[in-house]
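Below is query09.cif, holding mmCIF, N, CA and C atoms.
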```cif
data_protein
#
loop_
_atom_site.label_atom_id
_atom_site.label_comp_id
_atom_site.auth_asym_id
_atom_site.auth_seq_id
_atom_site.Cartn_x
_atom_site.Cartn_y
_atom_site.Cartn_z
N MET A 1 59.45 202.51 145.67
CA MET A 1 59.42 201.28 146.44
C MET A 1 60.35 201.45 147.64
N THR A 2 59.84 201.11 148.79
CA THR A 2 60.64 201.24 150.01
C THR A 2 61.55 200.03 150.16
N PRO A 3 62.58 200.14 150.98
CA PRO A 3 63.45 198.98 151.21
C PRO A 3 62.71 197.77 151.75
N ASP A 4 61.69 198.00 152.60
CA ASP A 4 60.91 196.88 153.13
C ASP A 4 60.10 196.20 152.04
N GLN A 5 59.53 196.99 151.12
CA GLN A 5 58.78 196.42 150.01
C GLN A 5 59.70 195.61 149.08
N LEU A 6 60.89 196.16 148.83
CA LEU A 6 61.86 195.44 148.00
C LEU A 6 62.27 194.13 148.65
N ALA A 7 62.51 194.16 149.94
CA ALA A 7 62.90 192.94 150.67
C ALA A 7 61.79 191.89 150.59
N ALA A 8 60.54 192.32 150.76
CA ALA A 8 59.41 191.39 150.68
C ALA A 8 59.29 190.81 149.28
N ARG A 9 59.49 191.65 148.28
CA ARG A 9 59.39 191.19 146.88
C ARG A 9 60.50 190.19 146.55
N LEU A 10 61.72 190.46 147.00
CA LEU A 10 62.83 189.54 146.75
C LEU A 10 62.65 188.23 147.51
N GLU A 11 62.10 188.31 148.71
CA GLU A 11 61.84 187.08 149.48
C GLU A 11 60.80 186.21 148.78
N ALA A 12 59.76 186.84 148.25
CA ALA A 12 58.74 186.09 147.51
C ALA A 12 59.33 185.48 146.25
N ALA A 13 60.21 186.23 145.57
CA ALA A 13 60.85 185.72 144.35
C ALA A 13 61.75 184.53 144.68
N ALA A 14 62.42 184.58 145.81
CA ALA A 14 63.31 183.48 146.19
C ALA A 14 62.55 182.18 146.38
N LEU A 15 61.30 182.27 146.82
CA LEU A 15 60.49 181.07 147.01
C LEU A 15 60.01 180.49 145.68
N ARG A 16 59.87 181.34 144.66
CA ARG A 16 59.36 180.89 143.37
C ARG A 16 60.44 180.54 142.36
N ILE A 17 61.69 180.90 142.62
CA ILE A 17 62.73 180.70 141.60
C ILE A 17 63.01 179.22 141.35
N GLY A 18 63.01 178.40 142.38
CA GLY A 18 63.30 176.97 142.21
C GLY A 18 62.36 176.29 141.23
N PRO A 19 61.05 176.36 141.46
CA PRO A 19 60.12 175.73 140.53
C PRO A 19 60.18 176.33 139.12
N ALA A 20 60.40 177.64 139.02
CA ALA A 20 60.45 178.27 137.70
C ALA A 20 61.68 177.80 136.92
N VAL A 21 62.82 177.72 137.59
CA VAL A 21 64.04 177.23 136.95
C VAL A 21 63.89 175.76 136.59
N ALA A 22 63.32 174.97 137.49
CA ALA A 22 63.11 173.55 137.22
C ALA A 22 62.25 173.35 135.97
N HIS A 23 61.21 174.15 135.85
CA HIS A 23 60.33 174.05 134.67
C HIS A 23 61.12 174.34 133.39
N GLY A 24 61.95 175.38 133.41
CA GLY A 24 62.75 175.73 132.23
C GLY A 24 63.76 174.66 131.87
N VAL A 25 64.42 174.10 132.87
CA VAL A 25 65.42 173.05 132.63
C VAL A 25 64.75 171.80 132.08
N GLU A 26 63.63 171.40 132.67
CA GLU A 26 62.94 170.20 132.22
C GLU A 26 62.39 170.37 130.80
N HIS A 27 61.90 171.55 130.49
CA HIS A 27 61.41 171.81 129.14
C HIS A 27 62.55 171.72 128.12
N ALA A 28 63.70 172.32 128.45
CA ALA A 28 64.86 172.26 127.54
C ALA A 28 65.31 170.81 127.36
N ALA A 29 65.28 170.00 128.42
CA ALA A 29 65.70 168.60 128.32
C ALA A 29 64.75 167.81 127.43
N GLU A 30 63.46 168.02 127.58
CA GLU A 30 62.50 167.29 126.74
C GLU A 30 62.64 167.73 125.27
N LEU A 31 62.86 169.02 125.05
CA LEU A 31 63.09 169.49 123.68
C LEU A 31 64.37 168.87 123.13
N GLY A 32 65.41 168.78 123.96
CA GLY A 32 66.66 168.17 123.54
C GLY A 32 66.48 166.71 123.16
N ARG A 33 65.72 165.98 123.96
CA ARG A 33 65.47 164.57 123.64
C ARG A 33 64.73 164.45 122.31
N ALA A 34 63.76 165.31 122.09
CA ALA A 34 63.02 165.27 120.83
C ALA A 34 63.94 165.60 119.65
N GLN A 35 64.84 166.56 119.84
CA GLN A 35 65.80 166.93 118.79
C GLN A 35 66.73 165.75 118.48
N ILE A 36 67.25 165.11 119.52
CA ILE A 36 68.15 163.97 119.33
C ILE A 36 67.43 162.84 118.60
N LYS A 37 66.22 162.54 119.03
CA LYS A 37 65.45 161.48 118.37
C LYS A 37 65.18 161.83 116.92
N GLY A 38 64.94 163.10 116.64
CA GLY A 38 64.72 163.52 115.27
C GLY A 38 65.98 163.38 114.42
N HIS A 39 67.13 163.75 114.99
CA HIS A 39 68.39 163.62 114.26
C HIS A 39 68.84 162.16 114.15
N ALA A 40 68.30 161.29 115.00
CA ALA A 40 68.64 159.86 114.94
C ALA A 40 67.64 159.11 114.06
N SER A 41 66.98 159.82 113.18
CA SER A 41 65.96 159.21 112.33
C SER A 41 66.37 159.19 110.87
N GLY A 42 67.59 158.80 110.59
CA GLY A 42 68.06 158.73 109.21
C GLY A 42 69.18 159.72 108.95
N ARG A 43 69.72 159.66 107.78
CA ARG A 43 70.89 160.46 107.43
C ARG A 43 70.61 161.94 107.51
N PRO A 44 71.59 162.71 108.01
CA PRO A 44 72.98 162.36 108.23
C PRO A 44 73.22 161.60 109.53
N GLY A 45 72.20 161.38 110.34
CA GLY A 45 72.34 160.57 111.54
C GLY A 45 72.23 159.10 111.21
N PRO A 46 72.10 158.24 112.23
CA PRO A 46 71.99 156.81 111.98
C PRO A 46 70.67 156.44 111.30
N ASN A 47 70.72 155.41 110.47
CA ASN A 47 69.51 154.90 109.84
C ASN A 47 68.62 154.24 110.88
N VAL A 48 67.33 154.23 110.61
CA VAL A 48 66.37 153.60 111.52
C VAL A 48 65.97 152.27 110.92
N ILE A 49 66.17 151.21 111.69
CA ILE A 49 65.73 149.89 111.25
C ILE A 49 64.52 149.46 112.08
N THR A 50 64.70 149.43 113.41
CA THR A 50 63.59 149.02 114.27
C THR A 50 63.03 150.18 115.10
N GLY A 51 63.78 151.26 115.28
CA GLY A 51 63.36 152.36 116.14
C GLY A 51 63.75 152.16 117.58
N GLN A 52 64.38 151.02 117.93
CA GLN A 52 64.76 150.73 119.30
C GLN A 52 65.76 151.75 119.83
N TYR A 53 66.77 152.08 119.02
CA TYR A 53 67.79 153.02 119.47
C TYR A 53 67.17 154.41 119.68
N ARG A 54 66.40 154.86 118.72
CA ARG A 54 65.78 156.18 118.81
C ARG A 54 64.89 156.26 120.04
N ASN A 55 64.15 155.22 120.33
CA ASN A 55 63.26 155.23 121.48
C ASN A 55 63.96 155.00 122.80
N SER A 56 65.25 154.67 122.78
CA SER A 56 65.99 154.41 124.01
C SER A 56 66.44 155.70 124.70
N TRP A 57 66.32 156.84 124.05
CA TRP A 57 66.75 158.11 124.65
C TRP A 57 65.78 158.52 125.75
N GLN A 58 66.32 158.78 126.94
CA GLN A 58 65.51 159.13 128.10
C GLN A 58 66.04 160.39 128.77
N VAL A 59 65.17 161.06 129.50
CA VAL A 59 65.54 162.22 130.31
C VAL A 59 65.43 161.80 131.77
N GLU A 60 66.51 161.98 132.50
CA GLU A 60 66.51 161.71 133.94
C GLU A 60 66.48 163.05 134.65
N LYS A 61 65.42 163.29 135.44
CA LYS A 61 65.22 164.57 136.12
C LYS A 61 65.58 164.46 137.59
N ARG A 62 66.21 165.51 138.08
CA ARG A 62 66.56 165.56 139.51
C ARG A 62 66.29 166.97 140.01
N HIS A 63 65.42 167.09 140.99
CA HIS A 63 65.10 168.41 141.54
C HIS A 63 66.15 168.82 142.56
N LEU A 64 66.54 170.06 142.50
CA LEU A 64 67.51 170.65 143.41
C LEU A 64 66.80 171.75 144.20
N PRO A 65 67.41 172.24 145.29
CA PRO A 65 66.73 173.27 146.09
C PRO A 65 66.29 174.50 145.30
N HIS A 66 67.09 174.96 144.37
CA HIS A 66 66.73 176.15 143.61
C HIS A 66 66.78 175.91 142.12
N GLY A 67 66.31 174.74 141.68
CA GLY A 67 66.31 174.44 140.26
C GLY A 67 66.16 172.96 140.00
N ALA A 68 66.83 172.50 138.96
CA ALA A 68 66.75 171.10 138.58
C ALA A 68 67.98 170.73 137.75
N GLN A 69 68.19 169.45 137.64
CA GLN A 69 69.25 168.92 136.79
C GLN A 69 68.62 167.83 135.94
N CYS A 70 68.91 167.86 134.66
CA CYS A 70 68.39 166.84 133.76
C CYS A 70 69.54 166.23 132.97
N THR A 71 69.52 164.93 132.83
CA THR A 71 70.50 164.22 132.03
C THR A 71 69.76 163.52 130.90
N ILE A 72 70.25 163.72 129.68
CA ILE A 72 69.65 163.08 128.52
C ILE A 72 70.62 162.01 128.06
N GLY A 73 70.15 160.79 127.88
CA GLY A 73 71.07 159.75 127.44
C GLY A 73 70.37 158.48 127.01
N THR A 74 71.20 157.55 126.57
CA THR A 74 70.73 156.23 126.17
C THR A 74 71.62 155.19 126.84
N GLU A 75 71.06 154.05 127.12
CA GLU A 75 71.84 152.95 127.67
C GLU A 75 72.25 151.95 126.60
N GLU A 76 71.93 152.25 125.35
CA GLU A 76 72.34 151.36 124.26
C GLU A 76 73.86 151.42 124.13
N PRO A 77 74.52 150.26 124.11
CA PRO A 77 75.98 150.24 124.11
C PRO A 77 76.61 150.81 122.84
N TYR A 78 75.87 150.88 121.75
CA TYR A 78 76.44 151.38 120.51
C TYR A 78 76.18 152.86 120.28
N GLY A 79 75.63 153.55 121.25
CA GLY A 79 75.33 154.96 121.12
C GLY A 79 76.55 155.81 120.83
N ARG A 80 77.64 155.58 121.56
CA ARG A 80 78.87 156.36 121.34
C ARG A 80 79.45 156.08 119.96
N ARG A 81 79.39 154.83 119.52
CA ARG A 81 79.91 154.49 118.19
C ARG A 81 79.12 155.20 117.09
N LEU A 82 77.82 155.29 117.26
CA LEU A 82 77.01 155.98 116.26
C LEU A 82 77.34 157.47 116.23
N GLU A 83 77.48 158.07 117.39
CA GLU A 83 77.74 159.51 117.46
C GLU A 83 79.14 159.88 116.98
N PHE A 84 80.15 159.13 117.43
CA PHE A 84 81.54 159.51 117.17
C PHE A 84 82.24 158.66 116.11
N GLY A 85 81.63 157.56 115.71
CA GLY A 85 82.28 156.66 114.77
C GLY A 85 83.24 155.73 115.51
N PHE A 86 83.77 154.77 114.78
CA PHE A 86 84.73 153.84 115.38
C PHE A 86 85.61 153.27 114.29
N VAL A 87 86.91 153.40 114.52
CA VAL A 87 87.89 152.84 113.60
C VAL A 87 88.84 151.98 114.42
N GLY A 88 89.00 150.73 114.01
CA GLY A 88 89.90 149.82 114.72
C GLY A 88 89.23 148.51 115.03
N ALA A 89 89.92 147.73 115.84
CA ALA A 89 89.43 146.40 116.21
C ALA A 89 88.66 146.49 117.53
N ASP A 90 87.56 145.76 117.60
CA ASP A 90 86.80 145.71 118.84
C ASP A 90 87.36 144.61 119.74
N SER A 91 86.70 144.35 120.85
CA SER A 91 87.20 143.36 121.82
C SER A 91 87.17 141.94 121.27
N LEU A 92 86.40 141.70 120.21
CA LEU A 92 86.33 140.37 119.60
C LEU A 92 87.27 140.23 118.41
N GLY A 93 88.02 141.30 118.12
CA GLY A 93 88.98 141.25 117.02
C GLY A 93 88.41 141.65 115.67
N ARG A 94 87.14 142.03 115.63
CA ARG A 94 86.56 142.49 114.36
C ARG A 94 87.05 143.90 114.07
N VAL A 95 87.35 144.16 112.81
CA VAL A 95 87.89 145.47 112.43
C VAL A 95 86.80 146.31 111.78
N TYR A 96 86.68 147.55 112.24
CA TYR A 96 85.65 148.46 111.74
C TYR A 96 86.27 149.76 111.24
N ALA A 97 85.61 150.37 110.29
CA ALA A 97 85.91 151.73 109.85
C ALA A 97 84.56 152.44 109.73
N GLN A 98 83.88 152.58 110.86
CA GLN A 98 82.53 153.14 110.89
C GLN A 98 82.59 154.65 111.02
N PRO A 99 82.01 155.38 110.08
CA PRO A 99 82.02 156.85 110.18
C PRO A 99 81.05 157.31 111.27
N PRO A 100 81.23 158.52 111.77
CA PRO A 100 80.27 159.04 112.76
C PRO A 100 78.95 159.43 112.10
N PHE A 101 77.88 159.16 112.79
CA PHE A 101 76.55 159.59 112.38
C PHE A 101 76.01 160.47 113.51
N ALA A 102 76.51 161.69 113.55
CA ALA A 102 76.19 162.61 114.65
C ALA A 102 74.69 162.87 114.72
N HIS A 103 74.17 162.80 115.92
CA HIS A 103 72.76 163.10 116.15
C HIS A 103 72.58 163.88 117.46
N VAL A 104 73.54 163.79 118.36
CA VAL A 104 73.49 164.57 119.60
C VAL A 104 74.07 165.97 119.34
N GLN A 105 75.24 166.04 118.75
CA GLN A 105 75.91 167.32 118.53
C GLN A 105 75.05 168.28 117.72
N PRO A 106 74.37 167.86 116.65
CA PRO A 106 73.51 168.81 115.94
C PRO A 106 72.33 169.31 116.77
N SER A 107 72.00 168.63 117.86
CA SER A 107 70.88 169.03 118.71
C SER A 107 71.28 170.07 119.76
N LEU A 108 72.57 170.24 119.99
CA LEU A 108 73.03 171.12 121.07
C LEU A 108 72.62 172.58 120.89
N PRO A 109 72.70 173.18 119.69
CA PRO A 109 72.28 174.59 119.59
C PRO A 109 70.83 174.82 119.99
N ALA A 110 69.93 173.94 119.60
CA ALA A 110 68.52 174.09 119.98
C ALA A 110 68.33 173.91 121.48
N MET A 111 69.06 172.96 122.08
CA MET A 111 68.96 172.77 123.53
C MET A 111 69.49 173.98 124.28
N THR A 112 70.61 174.53 123.80
CA THR A 112 71.19 175.72 124.44
C THR A 112 70.23 176.89 124.36
N ALA A 113 69.65 177.11 123.19
CA ALA A 113 68.70 178.21 123.02
C ALA A 113 67.48 178.03 123.92
N ALA A 114 66.97 176.81 124.00
CA ALA A 114 65.80 176.54 124.85
C ALA A 114 66.14 176.75 126.33
N LEU A 115 67.34 176.37 126.74
CA LEU A 115 67.73 176.56 128.13
C LEU A 115 67.89 178.04 128.45
N HIS A 116 68.51 178.80 127.56
CA HIS A 116 68.64 180.25 127.78
C HIS A 116 67.26 180.91 127.86
N LEU A 117 66.38 180.57 126.95
CA LEU A 117 65.04 181.14 126.96
C LEU A 117 64.29 180.74 128.23
N GLY A 118 64.45 179.49 128.65
CA GLY A 118 63.80 179.03 129.88
C GLY A 118 64.28 179.77 131.11
N MET A 119 65.58 180.07 131.17
CA MET A 119 66.12 180.79 132.33
C MET A 119 65.67 182.25 132.32
N MET A 120 65.63 182.85 131.13
CA MET A 120 65.14 184.24 131.04
C MET A 120 63.67 184.30 131.45
N SER A 121 62.90 183.31 131.03
CA SER A 121 61.47 183.28 131.40
C SER A 121 61.30 183.06 132.90
N ALA A 122 62.15 182.22 133.49
CA ALA A 122 62.07 181.97 134.93
C ALA A 122 62.34 183.24 135.72
N VAL A 123 63.36 183.96 135.32
CA VAL A 123 63.69 185.21 136.04
C VAL A 123 62.57 186.23 135.86
N ALA A 124 62.06 186.35 134.62
CA ALA A 124 60.97 187.30 134.38
C ALA A 124 59.73 186.92 135.19
N GLU A 125 59.47 185.62 135.30
CA GLU A 125 58.28 185.16 136.03
C GLU A 125 58.37 185.49 137.51
N VAL A 126 59.52 185.28 138.13
CA VAL A 126 59.61 185.50 139.58
C VAL A 126 59.77 186.96 139.94
N LEU A 127 60.19 187.80 139.00
CA LEU A 127 60.35 189.21 139.31
C LEU A 127 59.13 190.04 138.95
N ARG A 128 58.05 189.41 138.51
CA ARG A 128 56.81 190.15 138.20
C ARG A 128 56.23 190.77 139.42
#
```
Using structure tokens, write down the structure that the file contains.
Amino acid sequence: MTPDQLAARLEAAALRIGPAVAHGVEHAAELGRAQIKGHASGRPGPNVITGQYRNSWQVEKRHLPHGAQCTIGTEEPYGRRLEFGFVGADSLGRVYAQPPFAHVQPSLPAMTAALHLGMMSAVAEVLR
């Protein structure tokens, strides 16, 4: 391969890396949301009564010039209490000794693995 051919190949790869990385990041985020919802479906995570909390988990996607950013979260005010537990008095003076029902933390290894695999696939795709 000549230097000119290499330069042309790298230039073509640079144009394709953004969408390929974005696809990998978005896939990992959707998998992460599914993992969190699965872990929020009963013990050892929180019990399901109505499904409102489990269904409140959303993925917010933001495209960047050479990739993407995804945020997974819930706007339910009791989300942190469920994940980390709560011991003490709340703002109304009620006293709690609520244990943590982790559902996000157990999902992190699968999200990390999916993100690593997605980035390896993105690089392999653009360097073909």
Just say which residues the PyMOL selection byres ((chain A and resi 61) around 8) picks in this file, as a PDB file with N, CA and C atoms, in the coordinates of the input.
```pdb
ATOM      1  N   GLU A  26      63.630 171.400 132.670  1.00  0.00           N
ATOM      2  CA  GLU A  26      62.940 170.200 132.220  1.00  0.00           C
ATOM      3  C   GLU A  26      62.390 170.370 130.800  1.00  0.00           C
ATOM      4  N   GLN A  58      66.320 158.780 126.940  1.00  0.00           N
ATOM      5  CA  GLN A  58      65.510 159.130 128.100  1.00  0.00           C
ATOM      6  C   GLN A  58      66.040 160.390 128.770  1.00  0.00           C
ATOM      7  N   VAL A  59      65.170 161.060 129.500  1.00  0.00           N
ATOM      8  CA  VAL A  59      65.540 162.220 130.310  1.00  0.00           C
ATOM      9  C   VAL A  59      65.430 161.800 131.770  1.00  0.00           C
ATOM     10  N   GLU A  60      66.510 161.980 132.500  1.00  0.00           N
ATOM     11  CA  GLU A  60      66.510 161.710 133.940  1.00  0.00           C
ATOM     12  C   GLU A  60      66.480 163.050 134.650  1.00  0.00           C
ATOM     13  N   ARG A  62      66.210 165.510 138.080  1.00  0.00           N
ATOM     14  CA  ARG A  62      66.560 165.560 139.510  1.00  0.00           C
ATOM     15  C   ARG A  62      66.290 166.970 140.010  1.00  0.00           C
ATOM     16  N   HIS A  63      65.420 167.090 140.990  1.00  0.00           N
ATOM     17  CA  HIS A  63      65.100 168.410 141.540  1.00  0.00           C
ATOM     18  C   HIS A  63      66.150 168.820 142.560  1.00  0.00           C
ATOM     19  N   LEU A  64      66.540 170.060 142.500  1.00  0.00           N
ATOM     20  CA  LEU A  64      67.510 170.650 143.410  1.00  0.00           C
ATOM     21  C   LEU A  64      66.800 171.750 144.200  1.00  0.00           C
ATOM     22  N   ALA A  68      66.830 172.500 138.960  1.00  0.00           N
ATOM     23  CA  ALA A  68      66.750 171.100 138.580  1.00  0.00           C
ATOM     24  C   ALA A  68      67.980 170.730 137.750  1.00  0.00           C
ATOM     25  N   GLN A  69      68.190 169.450 137.640  1.00  0.00           N
ATOM     26  CA  GLN A  69      69.250 168.920 136.790  1.00  0.00           C
ATOM     27  C   GLN A  69      68.620 167.830 135.940  1.00  0.00           C
ATOM     28  N   CYS A  70      68.910 167.860 134.660  1.00  0.00           N
ATOM     29  CA  CYS A  70      68.390 166.840 133.760  1.00  0.00           C
ATOM     30  C   CYS A  70      69.540 166.230 132.970  1.00  0.00           C
ATOM     31  N   THR A  71      69.520 164.930 132.830  1.00  0.00           N
ATOM     32  CA  THR A  71      70.500 164.220 132.030  1.00  0.00           C
ATOM     33  C   THR A  71      69.760 163.520 130.900  1.00  0.00           C
ATOM     34  N   ILE A  72      70.250 163.720 129.680  1.00  0.00           N
ATOM     35  CA  ILE A  72      69.650 163.080 128.520  1.00  0.00           C
ATOM     36  C   ILE A  72      70.620 162.010 128.060  1.00  0.00           C
TER      37      ILE A  72
END
```
- Show which residues sit within 6 Å of Ala20 of chain A, as a list of chain:residue names. Count all atoms listed in the file, and ignore same-chain residues fewer than 4 positions away.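 The contact residues come out as A:Arg16, A:Gly24, A:Ala122.
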File of the preceding selection, N, CA and C atoms, as a PDB file, in the coordinates of the input:
```
ATOM      1  N   ARG A  16      59.870 181.340 144.660  1.00  0.00           N
ATOM      2  CA  ARG A  16      59.360 180.890 143.370  1.00  0.00           C
ATOM      3  C   ARG A  16      60.440 180.540 142.360  1.00  0.00           C
ATOM      4  N   GLY A  24      61.950 175.380 133.410  1.00  0.00           N
ATOM      5  CA  GLY A  24      62.750 175.730 132.230  1.00  0.00           C
ATOM      6  C   GLY A  24      63.760 174.660 131.870  1.00  0.00           C
ATOM      7  N   ALA A 122      62.150 182.220 133.490  1.00  0.00           N
ATOM      8  CA  ALA A 122      62.070 181.970 134.930  1.00  0.00           C
ATOM      9  C   ALA A 122      62.340 183.240 135.720  1.00  0.00           C
TER      10      ALA A 122
END
```
- Between atom CA of Asn55 of chain A and atom CA of Lys37 of chain A, distance in Å (one decimal): 7.3 Å
- Query: Separation of atom CA of Val21 of chain A and atom CA of Val123 of chain A, in Å?
  - Reply: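 So the two atoms, atom CA of Val21 of chain A and atom CA of Val123 of chain A, lie 8.0 Å apart.
Considering the residues A:Glu30, A:Pro3, A:Ala13, A:Ile49 and counting all atoms listed in the file, Glu125 of chain A has its shortest atom-to-atom contact with A:Ala13.
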